[in-house]
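Accompanying notes for the structure given below.
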6 protein chains.
Amino acid sequence: MSAREPIEYDDATPEVRAVFDDIKRTRQIKDVNNFWKYLAHDPVTLRRTWESIREVMTPGALDALTKEMVYLAVSVTNGCGYCIASHNAAARKAGMTDKMFGELMAVVGMANETNRLANGYRVPIDPGFGR
Amino acid sequence: MSAREPIEYDDATPEVRAVFDDIKRTRQIKDVNNFWKYLAHDPVTLRRTWESIREVMTPGALDALTKEMVYLAVSVTNGCGYCIASHNAAARKAGMTDKMFGELMAVVGMANETNRLANGYRVPIDPGFGR
Amino acid sequence: MSAREPIEYDDATPEVRAVFDDIKRTRQIKDVNNFWKYLAHDPVTLRRTWESIREVMTPGALDALTKEMVYLAVSVTNGCGYCIASHNAAARKAGMTDKMFGELMAVVGMANETNRLANGYRVPIDPGFGR
Amino acid sequence: MSAREPIEYDDATPEVRAVFDDIKRTRQIKDVNNFWKYLAHDPVTLRRTWESIREVMTPGALDALTKEMVYLAVSVTNGCGYCIASHNAAARKAGMTDKMFGELMAVVGMANETNRLANGYRVPIDPGFGR
Amino acid sequence: MSAREPIEYDDATPEVRAVFDDIKRTRQIKDVNNFWKYLAHDPVTLRRTWESIREVMTPGALDALTKEMVYLAVSVTNGCGYCIASHNAAARKAGMTDKMFGELMAVVGMANETNRLANGYRVPIDPGFGR
Amino acid sequence: MSAREPIEYDDATPEVRAVFDDIKRTRQIKDVNNFWKYLAHDPVTLRRTWESIREVMTPGALDALTKEMVYLAVSVTNGCGYCIASHNAAARKAGMTDKMFGELMAVVGMANETNRLANGYRVPIDPGFGR
């Protein structure tokens with residue numbers, strides 16, 4: 001089967017179905033996103049990626065919304081079209097308002113700008129920045 | 001004066017001093033970071049960048065700590081050494097604990113990984129992602 | 001002629017046709033990819049890029065498949081949609097199986113993740129890494 | 001303990017030591033790299049990253065040398081200084097010769113160049129590229 | 001109103017209209033680009049971004065064409081599809097010929113290539129480069 | 001000889017010396033930069049890269065200064081420390097003043113910012129952008 005086609009639940013092996021089931025249970029959704037249906041072409045990567053995501057995205061010292069917004073910020077910086085769409089949706093679901101989205105994009109934009117100003121001016125690190 | 005030397009307050013023009021004074025007042029610090037001392041070679045960019053940063057980083061729908069952590073996430077993704085050091089310091093000052101830092105880096109790492117998995121598998125955007 | 005249209009063989013200058021002919025002969029294909037048809041708007045860049053690619057991609061200490069997979073890994077990291085599609089096709093032609101593709105993406109994903117962990121934790125280079 | 005200091009084996013918790021021990025056993029080395037000593041500040045990320053790396057880097061459809069060279073190619077593309085040094089060392093250990101290194105860099109360089117030519121000329125994907 | 005829909009002049013608030021009017025007046029165009037119609041969802045970012053762009057892109061020590069070509073070079077390097085299309089259009093309007101475009105892409109391509117060769121060979125900075 | 005040491009003229013093979021001689025003649029300099037001394041570990045890449053650079057950087061529709069500034073803009077965007085230092089030096093030699101440098105960095109900064117705003121707001125390309 002070609003990697004250019006999603007693997008639907010009904011066509012999946014028991015190993016893949018077990019991951020799909022866990023995603024659906026954890027996120028309380030009816031069907032998994034295309035991302036998982038494509039990764040399913042490599043069941044080992046599917047399982048590892050899901051288990052890593054589940055561990056990393058569980059609320060801890062940072063809440064779910066903050067984590068989703070950081071995910072979106074990275075995806076926007078990298079210009080990953082799929083990830084921008086999917087993590088925008090996830091951040092909205094976690095409570096990101098239009099106003100939060102606007103401020104998030106403003107910070108991401110400024111950070112990308114000043115990262116290059118610091119590069120271009122070859123600014124040496126201040127001794128006081130510490131750890 | 002070469003762009004490879006910082007401009008200290010005592011050597012700065014009144015225009016540059018006015019920006020330095022506003023940075024120090026706003027952030028309640030005794031001296032500005034190297035970033036500003038290098039940008040001071042171009043007073044127009046210094047002023048515009050500071051005014052933009054001040055507007056963007058003021059707490060609003062997102063609080064100061066969230067904004068600093070997003071700034072750090074972008075800087076880490078771009079690999080800007082100066083910005084990683086300076087925004088790590090700023091995020092710590094705004095309240096980022098070791099535990100928050102660890103979770104932030106975990107999210108940034110996973111986002112950079114899955115951005116490439118989505119690229120490589122050429123995953124099409126799910127119709128349901130909406131706006 | 002606009003750079004937004006491909007230049008087909010029949011419309012090409014002798015200079016461009018000579019490059020197209022060499023690509024077709026070297027790769028044993030009937031027609032060149034869009035990449036070359038667009039580069040043909042600048043015959044100097046077309047020729048230099050083809051000659052460089054031909055020299056670089058010729059099997060040597062690394063075989064053709066390894067080189068195509070590295071090309072794909074870079075394109076996935078940069079998020080170049082065209083290059084991901086074309087070098088995936090080229091790597092498949094050179095022998096990349098579904099299983100190899102899966103492992104390749106897994107390595108590319110992990111490398112992009114740990115690159116950022118190393119950036120974020122500002123890990124100093126071990127003295128033992130040598131040359 | 002600050003994230004800016006490595007955690008040595010003697011100062012590590014049993015949880016961290018268990019990961020260090022597994023790294024040393026798997027790679028047959030006497031001490032782990034700085035990368036792991038810094039990640040040790042977040043034992044959860046340390047464990048997950050190591051287990052992922054171990055799974056991904058185990059020879060399978062791709063051999064150990066190919067995987068290390070791909071890792072190096074990604075690190076060079078991203079400009080991660082630490083990762084370039086560490087994965088150059090790892091690739092050398094896995095058998096990368098000077099000649100292989102030279103060809104690898106040549107491919108990485110060309111891929112980064114043609115990625116941008118494809119972007120700039122906005123080349124549409126050829127229908128024939130398939131999956 | 002969703003961020004996934006452009007805000008047209010007739011639906012805009014007076015605050016947004018004032019920015020749109022200034023863009024149209026400054027650039028002597030009948031309607032603003034989609035970029036501004038989407039940014040209009042966040043009037044503060046819309047205004048700040050426009051004022052910054054207007055200040056930065058005004059001819060000074062560098063003329064308008066040079067600035068637009070640099071903008072295009074950065075957008076091509078980052079792989080931003082929208083920005084490549086819009087700044088290609090802007091550079092054409094400012095006088096970029098097909099020949100200039102070809103040479104610009106050639107430089108952008110080579111810079112992206114040699115940036116990685118310098119990374120990969122870990123070339124130390126020459127003492128003589130000065131400021 | 002390790003790739004971590006520069007190859008000096010006196011230790012170079014005739015093939016490498018011929019390239020070094022051509023660089024020195026073309027640029028009217030007494031010694032070549034470290035970049036070339038490291039690339040000399042792979043004489044094929046050394047020769048091809050130099051011939052490509054010589055062809056691309058020769059003044060044509062774009063003058064030498066514009067080309068060097070574009071090279072610097074790309075290097076700053078990618079965060080390549082060596083390339084920023086070397087192409088800053090080259091641009092200065094070609095006539096870049098402090099004022100030009102300041103405006104160049106301002107454009108590079110804004111482009112990196114608005115690239116991400118366009119990504120984040122997922123702005124669709126205007127029909128009127130044409131070729």
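Residues in the structure tokens are named by chain (A, B, ... in the order shown) and by number from 1 within that chain; ligands are numbered from 1 in the order shown.
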Task: Filtered DSSP result for chain C, state alpha helix (DSSP H), as a PyMOL selection string - done: chain C and resi 14-27+34-39+43-57+64-78+81-93+98-120
Distance cut-off 9 Å, counting only C-alpha atoms - which residues of chain C neighbour chain A? Return them as a short mmCIF file (atom, residue, chain, number, x, y, z; two decimals) with N, CA, C and O atoms, in the first residue's frame.
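After the write, selection.cif holds the following:
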```
data_model
loop_
_atom_site.label_atom_id
_atom_site.label_comp_id
_atom_site.auth_asym_id
_atom_site.auth_seq_id
_atom_site.Cartn_x
_atom_site.Cartn_y
_atom_site.Cartn_z
N ASN C 78 13.73 21.08 5.27
CA ASN C 78 13.45 22.45 4.80
C ASN C 78 11.98 22.66 4.44
O ASN C 78 11.57 23.80 4.22
N GLY C 79 11.22 21.59 4.33
CA GLY C 79 9.81 21.74 3.97
C GLY C 79 9.58 22.20 2.54
O GLY C 79 8.63 22.93 2.27
N ASP C 98 9.30 0.90 1.07
CA ASP C 98 8.45 1.52 2.08
C ASP C 98 9.12 1.47 3.46
O ASP C 98 9.03 2.42 4.23
N LYS C 99 9.77 0.36 3.73
CA LYS C 99 10.41 0.20 5.04
C LYS C 99 11.58 1.17 5.20
O LYS C 99 11.76 1.76 6.27
N GLY C 102 10.18 4.62 5.78
CA GLY C 102 9.72 4.77 7.16
C GLY C 102 10.88 5.03 8.12
O GLY C 102 10.80 5.93 8.96
N GLU C 103 11.95 4.28 7.96
CA GLU C 103 13.10 4.48 8.86
C GLU C 103 13.79 5.83 8.59
O GLU C 103 14.26 6.49 9.51
N MET C 105 12.34 8.60 7.54
CA MET C 105 11.54 9.67 8.16
C MET C 105 11.72 9.66 9.67
O MET C 105 11.75 10.71 10.31
N ALA C 106 11.83 8.47 10.26
CA ALA C 106 12.02 8.38 11.71
C ALA C 106 13.32 9.06 12.13
O ALA C 106 13.37 9.79 13.13
#
```
Task: Long-range neighbours of Ala64 of chain A as a list in words, 12 Å cut-off, only C-alpha atoms, 5 positions minimum in chain - done: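 Once the adjacent positions are removed, what remains is Arg27, Arg54, Glu55, Val56, Met57, Thr58, Pro59, Met69, Val70, Tyr71, His87, Ala90, Ala91, Arg92, Lys93, Ala94, Gly95 and Met96 of chain A; Glu103, Leu104 and Val107 of chain B.
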- [ ] Could you check how far atom CA of Leu72 of chain A sits from atom CA of Asn88 of chain C, in Å to one decimal?
- [x] 26.8 Å
Open item on the list: Residues within 7 Å of Arg116 of chain C, please, as a PyMOL selection string. Count only C-alpha atoms; anything in the same chain fewer than 4 positions from it doesn't count.
Closed with: (chain B and resi 76-77+109) or (chain C and resi 112+120)
Task: Distance query Tyr9 of chain D at most 10 Å, only C-alpha atoms, self and fewer than 5 positions along chain excluded, as a PyMOL selection string - done: chain D and resi 14+16-18+20-21+31-32+37+40
TODO: Show which residues sit within 9 Å of Asn33 of chain A, as a list in words. Count only C-alpha atoms, and ignore same-chain residues fewer than 5 positions away.
DONE: Ser86 of chain A; Ile125 and Asp126 of chain B
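For the pair atom CA of Ala89 of chain D and atom CA of Gly128 of chain C, the interatomic distance is 8.8 Å.
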Task: Point-to-point distance in Å for atom CA of Thr13 of chain F and atom CA of Phe101 of chain D - done: 19.4 Å
Shell around Asn34 of chain F at 7 Å using only C-alpha atoms, local window under 5 positions removed, as a short mmCIF file (atom, residue, chain, number, x, y, z; two decimals) with all heavy atoms, in the first residue's frame:
```
data_model
loop_
_atom_site.label_atom_id
_atom_site.label_comp_id
_atom_site.auth_asym_id
_atom_site.auth_seq_id
_atom_site.Cartn_x
_atom_site.Cartn_y
_atom_site.Cartn_z
N VAL E 123 33.88 25.50 9.76
CA VAL E 123 34.97 26.41 9.43
C VAL E 123 35.07 27.52 10.49
O VAL E 123 34.08 28.21 10.75
CB VAL E 123 34.73 27.05 8.04
CG1 VAL E 123 35.93 27.90 7.64
CG2 VAL E 123 34.41 25.99 7.00
N PRO E 124 36.25 27.70 11.10
CA PRO E 124 36.40 28.79 12.08
C PRO E 124 36.51 30.15 11.38
O PRO E 124 37.06 30.24 10.28
CB PRO E 124 37.70 28.44 12.81
CG PRO E 124 38.45 27.56 11.86
CD PRO E 124 37.45 26.88 10.97
N ASP E 126 37.72 33.59 10.14
CA ASP E 126 39.04 34.16 9.89
C ASP E 126 39.26 35.39 10.77
O ASP E 126 38.36 36.24 10.87
CB ASP E 126 39.16 34.60 8.43
CG ASP E 126 39.01 33.44 7.46
OD1 ASP E 126 37.92 32.85 7.40
OD2 ASP E 126 39.99 33.12 6.78
N PRO F 6 42.68 23.35 8.48
CA PRO F 6 42.74 23.98 7.15
C PRO F 6 43.93 23.44 6.35
O PRO F 6 44.93 23.02 6.93
CB PRO F 6 42.94 25.45 7.48
CG PRO F 6 43.59 25.46 8.83
CD PRO F 6 43.06 24.26 9.55
#
```
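Proximity ranking of F:Ala12, F:Leu62, F:Ile84, F:Ala111 relative to Tyr38 of chain F places F:Ala12 first, based on only C-alpha atoms.
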